Amino acid sequence: MTDTSIIFEPLRLRTLEVKNRVFRSSLAGRFNNYDGTGTPTHVNWDLTFARGGVGAIISSNAPVHPRGLIVPNYAHIDRDETIPFWRELVQRVHEHDCKYIVQLAFSGRQRDLGGIQFEKGWSSTDKPEPIHGLQCERMTVAEIRQLVDAFAQGARRARAAGADGIEIHGCNGYLITQFLSPAINDRKDEYGGSPENRARFALEIVRAVRAEVGSDYHLQFKITAVDYGNDLFFWRPKGTGLAESIQVCKWLQEAGVDALHVSSGSSFPHPRNPAGDFPIEDVVRGYDTMISSGRHTFRNYLIFRTWPFNQLFRWLWRRPSRGRIEGINLADCRAVKAAVSIPVVCTGGFQTASVVADAIARGDCDGVTIGRPLIANPNLVELWRAGHDRPPRPCTYSNKCLINQLENPLGCYEESRFDSREEMVREILSVFDPPQFV
Amino acid sequence: MSTSAIFEPLRFRNLTVKNRIFRSSTGGRWDNYDGSGTQTRINWDLKTARGGVGAIISSHAPVHPRGRLLPGYALIDRDDRTPFWRELVRRVHEHDCKYILQLAHAGRERIIGGFEYPKGLSSTDKPEPLNGFECERLTIAGIKEVVAAFAAGARRAREAGADGVELAGANGVLFTQFLSSGINDRKDEYGGSLENRARFALEVVRAVREEVGSDYFLGFKISIQERLSEILPWLRRGNAADESIQVCKWLEEAGVDCIHVSVGGEFPHPRNPAGEFPTRDMVKTYDSLISSGLYTFRNYLIFRTWPLSAIWKWHWEKPSRKGVEGINLPDSRAVKQAVGIPVLCTGGFQTASVIAGAIESGACDGVTIARPLIANPDLVRWFERGHECAPRPCTYCNKCLFSFVENPLGCYDERRFDSREEMIDQILSVYREAA
């Protein structure tokens with residue numbers, strides 16, 4: 001049996017040491033207020049994973065500007081008044097010997113529920129997002145500058161709150177991808193065209209953040225190594241390939257990034273992220289809320305509720321990840337790691353200790369970040385430490401968590417993992433304990 | 001005309017309210033999904049407390065999670081909810097405002113049922129007719145449990161320091177589903193005759209009285225006319241005024257201190273909240289309800305498809321075309337003539353002379369207000385300064401009503417603001433904790 005002790009070795013980043021190789025990847029439900037102010041429920045949510053033994057937590061996507069939300073009810077870091085919430089959260093997580101990294105984010109045109117404040121998102125382009133038809137306006141150069149500064153201010157707030165570092169959300173089809181990807185970015189100015197131009201926005205953010213928080217602060221960048229833009233719709237362009245992403249990663253390293261976080265896909269969700277099933281019944285129940293969000297959402301809704309179109313869609317969705325969900329990004333990650341000298345962490349369905357240990361030992365990555373399997377088993381690291389290679393009730397990659405979070409509290413909705421439906425409901429609602437008023 | 005009647009205290013058997021203006025039960029989805037309360041709910045209620053109303057009737061507080069209308073509302077189903085309500089009541093009291101907790105059970109009227117219970121409970125097993133919300137028929141044992149849950153909810157309200165409780169008996173929720181001749185199809189002692197249909201409500205009243213004693217305010221909100229056929233012409237119309245007035249008399253005998261008059265055996269209903277049917281806004285938020293009922297997808301298609309949407313809008317707005325403010329005053333007057341306890345009336349009130357006139361003419365003893373207070377939480381302050389109405393009155397556009405499903409409750413009528421930004425700022429102000 002594989003020696004998995006490497007998982008429990010500290011990961012030394014330039015300015016930060018994490019006690020083991022497991023990061024909770026960015027995830028969180030709609031636990032906060034509509035205006036982006038944080039709540040005690042969000043603190044409860046993150047504490048679940050801190051208690052479960054992960055070395056570091058990457059926060060839920062924290063918009064640096066209200067126009068950059070993905071859905072309402074996530075905690076923003078868009079104004080100084082948000083600092084006390086993040087400070088309290090970080091302090092509570094630190095009590096569990098767990099590091100806290102704030103993910104600075106901006107959705108761009110990929111706003112699943114745009115909210116009441118801004119009718120359209122901002123993007124590199126003015127073409128709607130292709131899956132749902134979410135509309136956007138093309139950013140002017142002045143607006144780009146404004147947003148670069150918003151990222152820098154977000155980083156300052158994270159540091160002021162006591163967070164151990166920040167991650168710039170540069171992947172999965174959100175705004176930075178919308179600049180990086182040749183399949184999306186159609187600009188004619190200095191932010192579009194050549195790889196240098198498309199990477200300009202990302203690099204400007206990195207430099208602005210560095211200028212704001214100094215060189216002694218952990219800064220990592222999450223990137224889509226390969227866009228796989230034609231995975232679902234074969235007639236669409238592929239987007240960024242591996243060679244170009246590796247070049248961008250080198251530039252990021254030069255600009256002062258301390259670590260890279262490898263993901264995949266030029267949209268979210270994407271058949272490879274989160275890889276796995278397309279849970280039709282849950283999608284029909286949850287997607288209705290999004291009908292008013294985009295131009296194609298009603299068409300999609302009709303497809304999702306109508307046999308055999310929904311089965312065909314499901315087949316298409318599952319194809320790219322068939323047989324290789326856990327570690328789906330490792331090959332891409334290895335290529336990135338070979339090209340840079342900073343640590344690289346990888347995401348993609350990890351929940352088997354031997355798979356994680358092997359990946360680290362082989363040099364595919366220096367650590368892993370985990371989303372869904374930690375929703376299913378927040379104490380995954382403790383289970384590994386106790387000698388389990390896989391948790392007794394592993395994540396099934398059903399992706400029911402993903403779609404339920406639009407209307408219901410984020411949690412594991414895979415009933416087959418529980419003794420009863422009641423147990424599942426109890427588990428999901430436990431995030432609200434303890435209540436704020438006692 | 002003198003409007004001083006508005007500012008005279010209203011004396012109930014166990015409670016005195018400083019003026020004749022009550023905030024009716026309103027509240028957005030401010031709370032946690034599991035029913036635990038949040039600071040935002042407190043901020044919301046404080047807006048109107050500061051604005052000078054005599055009493056606030058809380059957002060509907062389900063006495064059981066299965067009796068929730070939609071997630072995001074504070075429940076009063078367990079003892080560990082009490083600290084939240086205690087804090088809320090304490091903060092409201094700081095503004096010399098009374099707090100009445102509305103105890104509720106949705107029955108089958110669950111616009112978003114949530115994931116815990118796939119079906120609601122009702123007097124019947126027939127789905128709700130407009131949206132097709134499904135339900136199971138309550139057994140006798142189940143009825144006893146709900147009665148006990150109401151009594152326990154009333155005990156918690158008193159323990160939290162609330163000044164009284166109101167039973168949410170109007171607008172199509174569980175009490176209506178028993179009371180209504182158009183809905184209740186039971187063959188046992190809880191269905192059939194008016195006595196039988198009223199049995200559930202009266203049992204709850206007696207159980208609450210037994211639990212909290214006779215020295216505690218207990219109100220009952222009731223739809224005097226159910227007018228179900230105004231929603232869909234092929235429905236039976238439900239209870240008429242004479243039946244409901246008989247129920248009011250029985251409620252008084254059973255120990256109720258106040259009747260709160262509303263209308264409609266469903267919520268929403270063309271007469272409650274009376275006014276516009278905001279088609280465009282409905283299309284934006286009704287999509288969230290598509291998975292809630294058997295007919296919601298059909299309705300969604302109607303709302304988004306001209307000319308069906310225009311026909312529906314015309315149909316919906318017809319009953320209130322003659323006027324919104326005071327739409328229930330004739331019913332209220334009839335109730336008041338039949339009972340000895342004070343009567344409150346709801347229905348679009350926002351004009352001082354209309355309210356004072358209603359009180360002086362004996363149509364009601366006070367009014368309860370929802371939408372106009374969303375538009376102008378400081379409405380009473382305007383009355384105090386001698387204004388007949390707030391400078392930017394509620395337009396009854398009903399955009400607030402359906403926005404709240406997906407967005408924060410507030411006034412979404414842009415015409416009432418100098419700019420869209422001002423409107424958004426006003427809506428989001430609820431999250432800013434007031435000093």
# chains A, B, ... in the order shown; residues from 1 in each chain; ligands from 1
call {"tool": "interface_residues", "arguments": {"of": "chain B", "to": "chain A", "cutoff": "9 Å", "atoms": "only C-alpha atoms", "output": "MDAnalysis selection string"}}
result
chainID B and resid 30 32:34 36:40 71 80:85 87 114:116 283:292 406:408 420:421 424 428 431
call {"tool": "write_last_selection", "arguments": {"atoms": "C-alpha atoms", "output": "short mmCIF file (atom, residue, chain, number, x, y, z; two decimals), in the first residue's frame"}}
result
data_model
loop_
_atom_site.label_atom_id
_atom_site.label_comp_id
_atom_site.auth_asym_id
_atom_site.auth_seq_id
_atom_site.Cartn_x
_atom_site.Cartn_y
_atom_site.Cartn_z
CA TRP B 30 -34.10 37.83 5.67
CA ASN B 32 -31.70 31.56 7.52
CA TYR B 33 -33.05 28.64 5.56
CA ASP B 34 -33.49 26.59 8.74
CA SER B 36 -33.16 30.81 12.67
CA GLY B 37 -33.46 34.59 12.83
CA THR B 38 -30.93 37.17 11.72
CA GLN B 39 -29.96 40.74 12.43
CA THR B 40 -31.45 41.74 9.09
CA PRO B 71 -37.61 29.45 3.31
CA ASP B 80 -34.04 27.66 20.90
CA ARG B 81 -35.72 30.21 18.59
CA THR B 82 -36.88 32.25 21.57
CA PRO B 83 -33.63 34.22 22.11
CA PHE B 84 -33.88 35.69 18.61
CA TRP B 85 -37.45 36.84 19.14
CA GLU B 87 -33.81 40.37 21.07
CA GLY B 114 -37.97 23.76 0.45
CA PHE B 115 -36.18 20.46 0.36
CA GLU B 116 -37.12 19.06 3.75
CA VAL B 283 -41.80 36.90 -15.17
CA LYS B 284 -38.44 37.69 -13.58
CA THR B 285 -39.15 36.07 -10.25
CA TYR B 286 -41.98 33.60 -10.81
CA ASP B 287 -39.47 31.35 -12.58
CA SER B 288 -38.21 30.35 -9.13
CA LEU B 289 -41.63 28.85 -8.43
CA ILE B 290 -41.79 26.64 -11.50
CA SER B 291 -40.61 23.61 -9.57
CA SER B 292 -43.05 24.29 -6.72
CA GLU B 406 -35.46 36.32 -5.26
CA ASN B 407 -34.47 39.79 -4.09
CA PRO B 408 -34.59 41.78 -0.87
CA ARG B 420 -32.50 53.79 -9.91
CA GLU B 421 -29.39 54.11 -7.70
CA ILE B 424 -31.27 50.28 -4.86
CA LEU B 428 -30.24 47.55 0.50
CA TYR B 431 -28.59 45.40 5.79
#
call {"tool": "residues_around", "arguments": {"residues": "region 337-346 of chain A", "least_positions_apart": "6", "cutoff": "6 Å", "atoms": "only C-alpha atoms", "output": "PyMOL selection string"}}
result
chain A and resi 259-262+365-369
call {"tool": "select_by_dssp", "arguments": {"residues": "region 10-154 of chain A", "states": "helix (DSSP H, G or I)", "output": "PyMOL selection string"}}
result
chain A and resi 40-51+66-68+80-94+141-154
call {"tool": "select_by_dssp", "arguments": {"residues": "region 42-238 of chain A", "states": "strand (DSSP E or B)", "output": "ChimeraX atom specification"}}
result
/A:56-63,99-105,121-123,136-138,165-170,218-224
call {"tool": "atom_distance", "arguments": {"atom1": "CA of Phe179 (chain A)", "atom2": "CA of Leu219 (chain A)"}}
result
20.0 Å
call {"tool": "residues_around", "arguments": {"residues": "region 303-317 of chain B", "least_positions_apart": "4", "cutoff": "10 Å", "atoms": "only C-alpha atoms", "output": "list of chain:residue names"}}
result
B:Glu230, B:Ile231, B:Leu232, B:His269, B:Pro270, B:Arg271, B:Ala274, B:Gly275, B:Glu276, B:Phe277, B:Pro278, B:Thr279, B:Arg280, B:Asp281, B:Met282, B:Val283, B:Lys284, B:Tyr286, B:Phe297, B:Arg298, B:Asn299, B:Arg321, B:Lys322
call {"tool": "decode", "arguments": {"residues": "region 132-246 of chain B", "atoms": "C-alpha atoms", "output": "PDB file, in the first residue's frame"}}
result
ATOM      1  CA  GLY B 132     -50.889  23.347  -7.945  1.00  0.00           C
ATOM      2  CA  PHE B 133     -48.972  23.099  -4.685  1.00  0.00           C
ATOM      3  CA  GLU B 134     -49.401  19.523  -3.530  1.00  0.00           C
ATOM      4  CA  CYS B 135     -50.379  18.409  -0.060  1.00  0.00           C
ATOM      5  CA  GLU B 136     -51.352  15.542   2.178  1.00  0.00           C
ATOM      6  CA  ARG B 137     -54.584  15.428   4.145  1.00  0.00           C
ATOM      7  CA  LEU B 138     -54.034  15.874   7.871  1.00  0.00           C
ATOM      8  CA  THR B 139     -55.099  12.977  10.048  1.00  0.00           C
ATOM      9  CA  ILE B 140     -56.877  13.660  13.330  1.00  0.00           C
ATOM     10  CA  ALA B 141     -53.614  12.922  15.132  1.00  0.00           C
ATOM     11  CA  GLY B 142     -51.853  15.315  12.789  1.00  0.00           C
ATOM     12  CA  ILE B 143     -54.413  18.027  13.549  1.00  0.00           C
ATOM     13  CA  LYS B 144     -53.824  17.582  17.283  1.00  0.00           C
ATOM     14  CA  GLU B 145     -50.090  17.988  16.699  1.00  0.00           C
ATOM     15  CA  VAL B 146     -50.596  21.233  14.794  1.00  0.00           C
ATOM     16  CA  VAL B 147     -52.914  22.540  17.538  1.00  0.00           C
ATOM     17  CA  ALA B 148     -50.221  21.765  20.097  1.00  0.00           C
ATOM     18  CA  ALA B 149     -47.581  23.433  17.917  1.00  0.00           C
ATOM     19  CA  PHE B 150     -49.617  26.655  17.875  1.00  0.00           C
ATOM     20  CA  ALA B 151     -49.966  26.559  21.660  1.00  0.00           C
ATOM     21  CA  ALA B 152     -46.232  26.014  22.065  1.00  0.00           C
ATOM     22  CA  GLY B 153     -45.535  28.844  19.632  1.00  0.00           C
ATOM     23  CA  ALA B 154     -47.725  31.175  21.714  1.00  0.00           C
ATOM     24  CA  ARG B 155     -45.864  30.169  24.872  1.00  0.00           C
ATOM     25  CA  ARG B 156     -42.523  30.983  23.200  1.00  0.00           C
ATOM     26  CA  ALA B 157     -43.863  34.348  22.027  1.00  0.00           C
ATOM     27  CA  ARG B 158     -44.832  35.226  25.570  1.00  0.00           C
ATOM     28  CA  GLU B 159     -41.492  33.995  26.908  1.00  0.00           C
ATOM     29  CA  ALA B 160     -39.769  36.204  24.345  1.00  0.00           C
ATOM     30  CA  GLY B 161     -41.588  39.219  25.753  1.00  0.00           C
ATOM     31  CA  ALA B 162     -43.879  39.808  22.788  1.00  0.00           C
ATOM     32  CA  ASP B 163     -46.971  41.807  23.642  1.00  0.00           C
ATOM     33  CA  GLY B 164     -49.327  39.315  22.101  1.00  0.00           C
ATOM     34  CA  VAL B 165     -49.922  36.857  19.305  1.00  0.00           C
ATOM     35  CA  GLU B 166     -52.021  36.901  16.181  1.00  0.00           C
ATOM     36  CA  LEU B 167     -53.160  33.709  14.512  1.00  0.00           C
ATOM     37  CA  ALA B 168     -52.676  33.884  10.735  1.00  0.00           C
ATOM     38  CA  GLY B 169     -56.147  32.719   9.803  1.00  0.00           C
ATOM     39  CA  ALA B 170     -56.645  34.594   6.537  1.00  0.00           C
ATOM     40  CA  ASN B 171     -55.383  34.509   2.965  1.00  0.00           C
ATOM     41  CA  GLY B 172     -55.476  30.826   2.214  1.00  0.00           C
ATOM     42  CA  VAL B 173     -53.106  29.402   4.797  1.00  0.00           C
ATOM     43  CA  LEU B 174     -53.987  26.382   6.905  1.00  0.00           C
ATOM     44  CA  PHE B 175     -56.769  28.010   8.961  1.00  0.00           C
ATOM     45  CA  THR B 176     -58.484  29.142   5.739  1.00  0.00           C
ATOM     46  CA  GLN B 177     -58.045  25.666   4.300  1.00  0.00           C
ATOM     47  CA  PHE B 178     -60.176  24.352   7.180  1.00  0.00           C
ATOM     48  CA  LEU B 179     -62.626  27.260   7.368  1.00  0.00           C
ATOM     49  CA  SER B 180     -63.307  27.456   3.653  1.00  0.00           C
ATOM     50  CA  SER B 181     -66.303  25.734   2.105  1.00  0.00           C
ATOM     51  CA  GLY B 182     -64.399  26.012  -1.184  1.00  0.00           C
ATOM     52  CA  ILE B 183     -61.389  24.045   0.034  1.00  0.00           C
ATOM     53  CA  ASN B 184     -62.257  21.820   2.980  1.00  0.00           C
ATOM     54  CA  ASP B 185     -63.655  18.529   1.661  1.00  0.00           C
ATOM     55  CA  ARG B 186     -63.387  16.470   4.853  1.00  0.00           C
ATOM     56  CA  LYS B 187     -66.041  14.024   5.923  1.00  0.00           C
ATOM     57  CA  ASP B 188     -65.051  13.941   9.600  1.00  0.00           C
ATOM     58  CA  GLU B 189     -65.751  16.355  12.451  1.00  0.00           C
ATOM     59  CA  TYR B 190     -63.392  18.942  10.893  1.00  0.00           C
ATOM     60  CA  GLY B 191     -65.315  19.257   7.646  1.00  0.00           C
ATOM     61  CA  GLY B 192     -68.858  19.776   6.365  1.00  0.00           C
ATOM     62  CA  SER B 193     -70.877  22.232   8.452  1.00  0.00           C
ATOM     63  CA  LEU B 194     -69.543  25.651   9.425  1.00  0.00           C
ATOM     64  CA  GLU B 195     -69.238  24.418  13.032  1.00  0.00           C
ATOM     65  CA  ASN B 196     -67.063  21.566  11.864  1.00  0.00           C
ATOM     66  CA  ARG B 197     -64.917  23.714   9.576  1.00  0.00           C
ATOM     67  CA  ALA B 198     -64.360  26.200  12.400  1.00  0.00           C
ATOM     68  CA  ARG B 199     -63.430  23.441  14.856  1.00  0.00           C
ATOM     69  CA  PHE B 200     -59.707  23.556  14.065  1.00  0.00           C
ATOM     70  CA  ALA B 201     -59.441  27.336  14.527  1.00  0.00           C
ATOM     71  CA  LEU B 202     -61.414  27.242  17.759  1.00  0.00           C
ATOM     72  CA  GLU B 203     -59.340  24.371  19.112  1.00  0.00           C
ATOM     73  CA  VAL B 204     -56.188  26.373  18.426  1.00  0.00           C
ATOM     74  CA  VAL B 205     -57.643  29.440  20.150  1.00  0.00           C
ATOM     75  CA  ARG B 206     -58.585  27.410  23.223  1.00  0.00           C
ATOM     76  CA  ALA B 207     -55.226  25.604  23.295  1.00  0.00           C
ATOM     77  CA  VAL B 208     -53.369  28.917  23.060  1.00  0.00           C
ATOM     78  CA  ARG B 209     -55.507  30.407  25.820  1.00  0.00           C
ATOM     79  CA  GLU B 210     -54.849  27.407  28.020  1.00  0.00           C
ATOM     80  CA  GLU B 211     -51.128  27.709  27.402  1.00  0.00           C
ATOM     81  CA  VAL B 212     -50.638  31.466  27.841  1.00  0.00           C
ATOM     82  CA  GLY B 213     -53.508  32.283  30.188  1.00  0.00           C
ATOM     83  CA  SER B 214     -56.294  34.808  29.785  1.00  0.00           C
ATOM     84  CA  ASP B 215     -54.133  37.878  30.439  1.00  0.00           C
ATOM     85  CA  TYR B 216     -52.358  37.890  27.083  1.00  0.00           C
ATOM     86  CA  PHE B 217     -53.348  39.534  23.823  1.00  0.00           C
ATOM     87  CA  LEU B 218     -54.618  37.110  21.200  1.00  0.00           C
ATOM     88  CA  GLY B 219     -55.767  38.306  17.784  1.00  0.00           C
ATOM     89  CA  PHE B 220     -57.160  36.406  14.820  1.00  0.00           C
ATOM     90  CA  LYS B 221     -56.739  37.447  11.199  1.00  0.00           C
ATOM     91  CA  ILE B 222     -59.508  36.241   8.919  1.00  0.00           C
ATOM     92  CA  SER B 223     -60.626  36.602   5.312  1.00  0.00           C
ATOM     93  CA  ILE B 224     -64.204  37.690   5.658  1.00  0.00           C
ATOM     94  CA  GLN B 225     -64.929  36.933   2.007  1.00  0.00           C
ATOM     95  CA  GLU B 226     -62.858  34.272   0.325  1.00  0.00           C
ATOM     96  CA  ARG B 227     -63.913  35.166  -3.233  1.00  0.00           C
ATOM     97  CA  LEU B 228     -62.004  32.218  -4.686  1.00  0.00           C
ATOM     98  CA  SER B 229     -63.895  32.482  -7.971  1.00  0.00           C
ATOM     99  CA  GLU B 230     -62.304  35.876  -8.558  1.00  0.00           C
ATOM    100  CA  ILE B 231     -58.996  34.092  -8.998  1.00  0.00           C
ATOM    101  CA  LEU B 232     -60.245  31.392 -11.340  1.00  0.00           C
ATOM    102  CA  PRO B 233     -63.895  31.597 -12.386  1.00  0.00           C
ATOM    103  CA  TRP B 234     -64.458  27.833 -12.172  1.00  0.00           C
ATOM    104  CA  LEU B 235     -63.603  27.630  -8.478  1.00  0.00           C
ATOM    105  CA  ARG B 236     -66.265  27.607  -5.792  1.00  0.00           C
ATOM    106  CA  ARG B 237     -66.317  31.018  -4.176  1.00  0.00           C
ATOM    107  CA  GLY B 238     -65.732  29.846  -0.593  1.00  0.00           C
ATOM    108  CA  ASN B 239     -66.972  31.491   2.582  1.00  0.00           C
ATOM    109  CA  ALA B 240     -69.157  34.545   2.328  1.00  0.00           C
ATOM    110  CA  ALA B 241     -69.419  37.353   4.871  1.00  0.00           C
ATOM    111  CA  ASP B 242     -72.275  35.879   6.916  1.00  0.00           C
ATOM    112  CA  GLU B 243     -70.388  32.639   7.528  1.00  0.00           C
ATOM    113  CA  SER B 244     -67.167  34.405   8.475  1.00  0.00           C
ATOM    114  CA  ILE B 245     -68.998  36.761  10.801  1.00  0.00           C
ATOM    115  CA  GLN B 246     -70.487  33.766  12.583  1.00  0.00           C
TER     116      GLN B 246
END
